[in-house]
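Source file: coords_13.cif; contents: mmCIF, C-alpha atoms and all ligand atoms.
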```cif
data_coords
#
loop_
_atom_site.label_atom_id
_atom_site.label_comp_id
_atom_site.auth_asym_id
_atom_site.auth_seq_id
_atom_site.Cartn_x
_atom_site.Cartn_y
_atom_site.Cartn_z
CA MET A 3 138.53 96.58 111.61
CA ALA A 4 138.46 94.38 108.54
CA LYS A 5 135.64 95.17 106.17
CA LEU A 6 133.19 92.38 105.66
CA SER A 7 132.27 91.25 102.20
CA PRO A 8 128.68 90.11 101.62
CA MET A 9 129.95 86.53 101.62
CA GLN A 10 131.71 86.94 104.97
CA THR A 11 129.07 88.17 107.34
CA ASP A 12 129.78 87.20 110.91
CA PHE A 13 126.29 85.84 111.49
CA PRO A 14 126.49 82.48 113.12
CA ARG A 15 125.06 79.99 110.66
CA THR A 16 122.82 78.90 113.52
CA HIS A 17 120.20 81.41 112.39
CA ILE A 18 117.60 79.16 110.89
CA PRO A 19 115.73 81.08 108.17
CA ARG A 20 112.16 81.69 109.33
CA LYS A 21 109.51 80.81 106.82
CA ARG A 22 106.89 83.01 108.46
CA PHE A 23 109.12 86.06 107.88
CA GLY A 24 109.73 85.07 104.24
CA GLN A 25 113.45 84.68 104.91
CA HIS A 26 115.46 83.77 101.81
CA PHE A 27 118.92 85.25 102.16
CA LEU A 28 120.90 86.33 99.12
CA HIS A 29 124.33 84.74 98.88
CA ASP A 30 125.31 85.11 95.20
CA ALA A 31 128.02 87.80 95.16
CA GLY A 32 127.56 88.48 91.41
CA ILE A 33 123.82 89.08 91.79
CA ILE A 34 124.36 91.24 94.88
CA ARG A 35 126.88 93.37 92.95
CA ARG A 36 124.45 93.85 90.05
CA ILE A 37 121.61 94.85 92.38
CA VAL A 38 123.80 97.41 94.15
CA GLN A 39 124.93 98.77 90.76
CA ALA A 40 121.28 99.11 89.68
CA ILE A 41 120.50 101.01 92.89
CA GLY A 42 123.55 103.26 92.57
CA PRO A 43 123.69 104.37 96.23
CA ARG A 44 125.49 107.64 97.01
CA GLU A 45 126.63 109.40 100.16
CA ASP A 46 124.23 112.33 99.98
CA GLN A 47 121.12 110.12 99.78
CA ALA A 48 118.61 109.04 102.41
CA ILE A 49 118.27 105.28 101.94
CA VAL A 50 115.98 102.89 103.81
CA GLU A 51 116.27 99.12 103.50
CA ILE A 52 113.28 96.92 104.27
CA GLY A 53 114.18 93.48 105.64
CA PRO A 54 118.00 93.60 105.78
CA GLY A 55 118.13 90.06 107.16
CA GLU A 56 121.78 89.04 107.49
CA GLY A 57 122.97 92.15 105.65
CA ALA A 58 123.66 90.77 102.15
CA LEU A 59 122.56 94.06 100.53
CA THR A 60 123.00 96.23 103.59
CA LEU A 61 126.78 96.10 103.77
CA PRO A 62 127.63 96.77 100.10
CA VAL A 63 125.05 99.59 100.01
CA LEU A 64 126.42 101.00 103.25
CA ARG A 65 129.93 101.05 101.77
CA GLU A 66 128.70 103.46 99.10
CA ALA A 67 126.12 105.43 101.09
CA ARG A 68 127.96 105.57 104.47
CA HIS A 69 124.60 105.93 106.20
CA LEU A 70 121.55 103.69 106.11
CA THR A 71 118.28 103.10 107.94
CA VAL A 72 117.10 99.50 108.06
CA ILE A 73 113.74 98.10 109.15
CA GLU A 74 113.85 94.47 110.28
CA LEU A 75 111.00 92.58 111.92
CA ASP A 76 113.02 89.61 113.21
CA ARG A 77 114.22 90.55 116.69
CA ASP A 78 117.05 88.01 116.52
CA LEU A 79 118.52 89.61 113.40
CA ALA A 80 117.95 93.30 114.13
CA PRO A 81 120.52 93.73 116.95
CA ARG A 82 123.31 92.07 114.96
CA LEU A 83 123.11 94.51 112.07
CA ALA A 84 124.60 97.39 114.04
CA ALA A 85 127.62 95.25 114.92
CA LEU A 86 128.05 94.23 111.31
CA ALA A 87 128.05 97.82 110.12
CA GLU A 88 130.81 98.85 112.51
CA GLY A 89 133.74 100.32 110.61
CA ILE A 90 131.73 100.59 107.39
CA GLY A 91 129.22 103.33 108.09
CA ARG A 92 126.38 104.54 110.28
CA ILE A 93 123.32 102.39 110.50
CA GLU A 94 120.03 103.03 112.24
CA VAL A 95 118.19 99.81 112.97
CA ILE A 96 114.43 99.90 113.44
CA ASN A 97 113.15 96.61 114.83
CA ALA A 98 109.56 96.74 113.60
CA ASP A 99 107.04 95.62 111.04
CA VAL A 100 107.59 97.97 108.08
CA LEU A 101 103.82 98.22 107.65
CA THR A 102 103.70 100.19 110.91
CA VAL A 103 106.59 102.52 110.04
CA ASP A 104 105.94 106.11 108.94
CA LEU A 105 108.32 106.29 105.97
CA THR A 106 107.59 109.98 105.41
CA GLY A 107 108.86 110.63 108.94
CA LEU A 108 112.13 108.87 108.08
CA ALA A 109 112.66 111.04 105.02
CA ALA A 110 113.14 114.16 107.15
CA GLY A 111 112.65 116.35 104.09
CA ARG A 112 115.03 114.45 101.80
CA PRO A 113 113.75 112.30 98.92
CA LEU A 114 113.84 108.77 100.24
CA ARG A 115 115.26 105.82 98.34
CA VAL A 116 113.73 102.54 99.51
CA ILE A 117 115.35 99.18 98.79
CA GLY A 118 114.77 95.60 99.84
CA ASN A 119 114.68 91.94 99.04
CA LEU A 120 111.12 91.75 100.28
CA PRO A 121 109.39 88.92 102.14
CA TYR A 122 107.24 87.57 99.30
CA ASN A 123 104.29 86.68 101.52
CA ILE A 124 103.57 90.38 102.17
CA SER A 125 105.30 92.07 99.23
CA THR A 126 102.13 93.65 97.79
CA PRO A 127 101.01 95.22 101.09
CA ILE A 128 104.57 96.56 101.54
CA LEU A 129 104.50 98.03 98.03
CA PHE A 130 101.19 99.79 98.69
CA HIS A 131 102.38 100.95 102.11
CA CYS A 132 105.35 102.59 100.38
CA LEU A 133 103.06 104.14 97.79
CA GLU A 134 101.03 105.76 100.58
CA HIS A 135 104.25 107.70 101.17
CA ALA A 136 104.84 108.38 97.47
CA ASP A 137 105.36 112.12 98.04
CA ALA A 138 108.39 111.38 100.21
CA ILE A 139 109.90 108.64 98.05
CA ALA A 140 112.23 109.22 95.09
CA ASP A 141 112.42 105.58 94.04
CA MET A 142 112.24 101.97 95.20
CA HIS A 143 114.31 98.95 94.21
CA PHE A 144 112.75 95.68 95.27
CA MET A 145 113.40 92.00 94.79
CA LEU A 146 110.03 90.37 94.24
CA GLN A 147 108.54 87.20 92.91
CA LYS A 148 108.98 87.42 89.12
CA GLU A 149 105.33 86.65 88.52
CA VAL A 150 104.38 89.68 90.65
CA VAL A 151 106.72 91.99 88.70
CA GLU A 152 105.19 90.70 85.46
CA ARG A 153 101.74 91.65 86.72
CA MET A 154 102.97 95.05 87.93
CA ALA A 155 104.50 95.93 84.56
CA ALA A 156 101.94 94.24 82.26
CA PRO A 157 100.54 96.43 79.45
CA PRO A 158 96.80 96.57 78.66
CA GLY A 159 95.69 93.64 76.53
CA SER A 160 98.22 91.20 77.98
CA LYS A 161 97.25 88.07 79.90
CA THR A 162 98.80 89.29 83.14
CA TYR A 163 97.32 92.81 83.00
CA GLY A 164 95.03 93.19 85.99
CA ARG A 165 94.17 95.09 89.13
CA LEU A 166 97.78 95.29 90.35
CA SER A 167 98.96 96.62 86.95
CA VAL A 168 96.32 99.37 86.90
CA MET A 169 96.66 100.46 90.52
CA LEU A 170 100.46 100.68 90.25
CA GLN A 171 100.79 102.17 86.79
CA LEU A 172 98.43 105.00 87.79
CA VAL A 173 100.87 106.17 90.43
CA CYS A 174 104.34 105.03 89.38
CA GLN A 175 106.67 103.88 86.66
CA VAL A 176 107.59 100.19 86.84
CA GLU A 177 110.88 98.95 85.35
CA PRO A 178 111.83 95.27 85.61
CA LEU A 179 115.62 95.15 85.86
CA LEU A 180 117.15 91.79 86.58
CA ASP A 181 116.15 88.13 86.79
CA VAL A 182 117.34 86.23 89.84
CA PRO A 183 117.21 82.41 90.00
CA PRO A 184 116.24 80.49 93.16
CA GLY A 185 119.85 79.32 93.61
CA ALA A 186 120.94 82.85 94.53
CA PHE A 187 119.16 82.51 97.88
CA ARG A 188 119.54 80.42 101.01
CA PRO A 189 117.18 78.59 101.23
CA PRO A 190 116.12 78.76 97.57
CA PRO A 191 112.52 79.94 97.11
CA LYS A 192 110.17 77.82 95.00
CA VAL A 193 109.70 80.66 92.51
CA ASP A 194 111.82 82.83 90.19
CA SER A 195 112.59 86.36 91.34
CA GLN A 196 113.13 89.69 89.67
CA VAL A 197 114.49 93.06 90.74
CA VAL A 198 112.26 95.96 89.83
CA ARG A 199 112.63 99.74 90.01
CA VAL A 200 109.44 101.58 91.01
CA THR A 201 109.45 105.36 90.63
CA PRO A 202 106.47 107.37 91.92
CA LEU A 203 105.06 109.76 89.32
CA PRO A 204 105.09 113.45 90.26
CA ALA A 205 101.99 114.27 92.35
CA PRO A 206 100.17 116.22 89.58
CA GLU A 207 100.39 113.14 87.30
CA ARG A 208 98.81 110.85 89.91
CA PRO A 209 95.02 110.65 90.39
CA ALA A 210 93.66 113.10 92.96
CA PRO A 211 93.49 111.48 96.42
CA ASP A 212 89.72 112.03 96.63
CA LEU A 213 89.31 109.64 93.66
CA HIS A 214 91.27 106.76 95.20
CA THR A 215 88.30 104.95 96.75
CA ALA A 216 86.22 105.27 93.58
CA ILE A 217 89.11 104.01 91.41
CA ASP A 218 89.56 101.04 93.72
CA ARG A 219 85.85 100.15 93.52
CA VAL A 220 85.72 100.42 89.72
CA VAL A 221 88.94 98.43 89.17
CA ARG A 222 87.84 95.68 91.58
CA ALA A 223 84.44 95.37 89.91
CA ALA A 224 85.85 95.44 86.36
CA PHE A 225 88.56 92.83 86.96
CA GLY A 226 86.30 90.76 89.23
CA GLN A 227 84.65 89.61 85.99
CA ARG A 228 87.37 90.32 83.45
CA ARG A 229 85.84 88.20 80.69
CA LYS A 230 82.61 90.21 80.68
CA THR A 231 82.13 93.58 78.99
CA VAL A 232 82.72 96.50 81.34
CA ALA A 233 79.01 97.30 81.13
CA ASN A 234 78.19 93.85 82.52
CA ALA A 235 81.06 93.76 85.00
CA LEU A 236 80.26 97.20 86.42
CA GLY A 237 76.53 96.37 86.48
CA THR A 238 74.65 98.60 88.89
CA LEU A 239 77.81 100.43 89.93
CA LEU A 240 77.91 102.36 86.67
CA PRO A 241 75.21 102.24 83.98
CA ALA A 242 76.28 102.06 80.31
CA ALA A 243 75.39 105.73 79.72
CA ARG A 244 77.87 106.78 82.41
CA ILE A 245 80.55 104.51 80.95
CA GLU A 246 80.03 106.21 77.60
CA ALA A 247 80.13 109.61 79.29
CA ALA A 248 83.62 108.65 80.49
CA GLY A 249 84.57 108.21 76.83
CA ILE A 250 84.71 104.41 77.09
CA ASP A 251 82.97 101.83 74.91
CA PRO A 252 80.75 99.82 77.30
CA ARG A 253 81.41 96.71 75.20
CA SER A 254 85.15 96.76 75.93
CA ARG A 255 86.61 94.35 78.50
CA ALA A 256 88.55 95.30 81.63
CA GLU A 257 91.86 94.02 80.31
CA GLN A 258 91.66 96.25 77.20
CA LEU A 259 91.33 99.53 79.08
CA PRO A 260 94.45 101.54 79.89
CA PRO A 261 94.95 102.69 83.51
CA GLY A 262 93.75 106.23 82.72
CA ALA A 263 90.34 104.86 81.63
CA TYR A 264 89.70 103.76 85.22
CA VAL A 265 90.24 107.31 86.46
CA ALA A 266 87.67 108.50 83.92
CA LEU A 267 85.23 105.79 85.06
CA ALA A 268 85.81 106.62 88.72
CA GLY A 269 84.98 110.24 87.94
CA GLN A 270 81.51 109.07 86.86
CA LEU A 271 80.71 107.27 90.14
C1 LIG B 1 113.78 87.70 101.63
S1 LIG B 1 114.51 88.13 103.18
C2 LIG B 1 115.81 89.22 102.64
C3 LIG B 1 116.97 89.33 103.59
C4 LIG B 1 118.20 90.09 103.07
N1 LIG B 1 117.86 91.44 102.66
C5 LIG B 1 118.83 89.36 101.91
O1 LIG B 1 118.65 89.81 100.76
O2 LIG B 1 119.50 88.36 102.13
C6 LIG B 1 113.26 89.22 103.85
C7 LIG B 1 113.63 89.94 105.13
O3 LIG B 1 112.53 90.74 105.54
C8 LIG B 1 112.30 90.57 106.94
N2 LIG B 1 110.87 90.86 107.17
C9 LIG B 1 109.81 90.01 107.02
N3 LIG B 1 108.65 90.64 107.27
C10 LIG B 1 108.98 91.93 107.60
C11 LIG B 1 108.22 93.06 107.97
N4 LIG B 1 106.87 93.02 108.04
N5 LIG B 1 108.87 94.21 108.24
C12 LIG B 1 110.23 94.28 108.17
N6 LIG B 1 111.01 93.22 107.82
C13 LIG B 1 110.40 92.07 107.53
C14 LIG B 1 112.70 89.14 107.20
O4 LIG B 1 112.97 88.90 108.55
C15 LIG B 1 113.93 89.02 106.28
O5 LIG B 1 115.09 89.44 106.96
#
```

For the file at hand, write its structure as structure tokens.
Ligand SMILES: C[S@@+](CC[C@H](N)C(=O)[O-])C[C@H]1O[C@@H](n2cnc3c(N)ncnc32)[C@H](O)[C@@H]1O
Amino acid sequence: MAKLSPMQTDFPRTHIPRKRFGQHFLHDAGIIRRIVQAIGPREDQAIVEIGPGEGALTLPVLREARHLTVIELDRDLAPRLAALAEGIGRIEVINADVLTVDLTGLAAGRPLRVIGNLPYNISTPILFHCLEHADAIADMHFMLQKEVVERMAAPPGSKTYGRLSVMLQLVCQVEPLLDVPPGAFRPPPKVDSQVVRVTPLPAPERPAPDLHTAIDRVVRAAFGQRRKTVANALGTLLPAARIEAAGIDPRSRAEQLPPGAYVALAGQL
């Protein structure tokens, strides 16, 4: 059987991209090649793709990896993926909302690599769902809205540094890799996109699970009023003496504090 290039999928063009599923299909062969190179799929790896859509990334990744699990919510697209993969490799199609899928279960003891051009309307919940399975995941390569990647990777003191930056940088390394313009997609999204590599930190370098709720409360409160001093923003949650006990100047502002400072503050709750 002839192998299909990403530009020659046999999907009837009658599939009308569904806005509610965030469907923007990649069609730029050069961009697809660069994303696959950045992922570097190999045969011995367990790879899961979220939202394969019409298979633009699926097929070139499958050519390298020979085996792939894909999770697709759209029940019109899911059944066609198996047919597309025929002659290229083995594909397991899960027709479900990724937020309901136990990724750790899919890993079956092997470090999981997760990839996907994510639906932008739920990209942050998907990211945090993956991070709940951080112990099972080796790395993630996601296409996201560029503005979201900027917030994920922002250093303390920058304009875009906020809750998302802190919560992510506490548990993983974030590497922006590649800009992607709207014209690379069909239909083009209204925003610029960027591919990012997210690598979970080893468990001992991540905050202890019993601190997660406290960290979340402190970070929400601090960035809820980011222009105020942390003493004012944290108010009754944490008196100034406790903030000082965490080794933090109560007059500093949320955006000046590095992610680790929030772990210290949470420890005082
Ligand atoms: C931006 S499109 C990417 C499609 C394809 N990977 C590409 O690059 O051309 C996002 C894909 O995610 C699927 N999707 C949306 N919400 C989903 C969910 N909750 N779980 C799994 N897949 C989802 C959409 O149906 C769509 O196929």

Do you have the atom CA of A:Asp194-atom CA of A:Phe23 distance handy?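 Taking atom CA of A:Asp194 as the start and atom CA of A:Phe23 as the end point, the length is 18.2 Å.
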
Could you state the separation of atom CA of A:Pro260 and atom CA of A:Gln227 in Å, given to one decimal place?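 Pair atom CA of A:Pro260 / atom CA of A:Gln227 returns 16.6 Å.
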
Exercise answer, 6 Å around ligand LIG 1 (chain B) with all atoms listed in the file, as a list in words: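 Every residue with an atom at most 6 Å from ligand LIG 1 (chain B) is listed here: Phe23, Gly24, Gln25, His26, Phe27, Leu28, Ile52, Gly53, Pro54, Gly55, Glu56, Gly57, Ala58, Leu59, Ile73, Glu74, Leu75, Asp76, Ala98, Asp99, Val100, Gly118, Asn119, Leu120 and Pro121 of chain A.
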
When you count all atoms listed in the file, which of these residues is closest to A:Asp104: A:Ala242, A:Ala136, A:Ala85, A:Val220?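 Using all atoms listed in the file, A:Asp104 sits closest to A:Ala136.
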
Using all atoms listed in the file, which residue out of A:Asp46, A:Glu51, A:Glu152, A:Asp137 lies closest to A:Thr71?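 Among the listed residues, the smallest separation from A:Thr71 belongs to A:Glu51.
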
In Å to one decimal, how far is atom CA of A:Arg165 from atom CA of A:Pro183? 26.3 Å

Which is closer to A:Val197 than all the others in A:Leu105, A:Ile18, A:Leu170, A:Met145, using only C-alpha atoms?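 Nearest to A:Val197: A:Met145.
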
Distance criterion (all atoms listed in the file): nearest to A:Val168 out of A:Arg222, A:His17, A:Arg35, A:Arg65: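 Between A:Arg222, A:His17, A:Arg35, A:Arg65, the residue approaching A:Val168 most closely is A:Arg222.
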
Check the smallest atom-to-atom distance from each of A:Val198, A:Leu180, A:Leu267, A:Ala67 to A:Ala223 using all atoms listed in the file, then report the winner.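 Between A:Val198, A:Leu180, A:Leu267, A:Ala67, the residue approaching A:Ala223 most closely is A:Leu267.
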
Return the single residue from A:Ala247, A:Leu166, A:Ala224, A:Ala268 that is closest to A:Pro211, with distances computed using only C-alpha atoms. A:Ala268

Counting all atoms listed in the file, which residues come within 9 Å of (106.8, 113.1, 91.1), with the point read in the file's coordinates, and could you list them as JSON, numbers by chain? {"A": [136, 137, 139, 140, 174, 201, 202, 203, 204, 205, 206, 207, 208]}

Give me the residues within 8 Å of A:Ile117 as JSON, numbers by chain, counting all atoms listed in the file and dropping any in the same chain fewer than 6 places off. {"A": [49, 50, 51, 52, 142, 143, 144]}

Neighbours of A:Arg36 within 12 Å (all atoms listed in the file; same-chain residues fewer than 2 positions away dropped), as JSON, numbers by chain? {"A": [30, 31, 32, 33, 34, 38, 39, 40, 41, 42, 59, 62, 63, 179, 180, 181, 182, 197]}
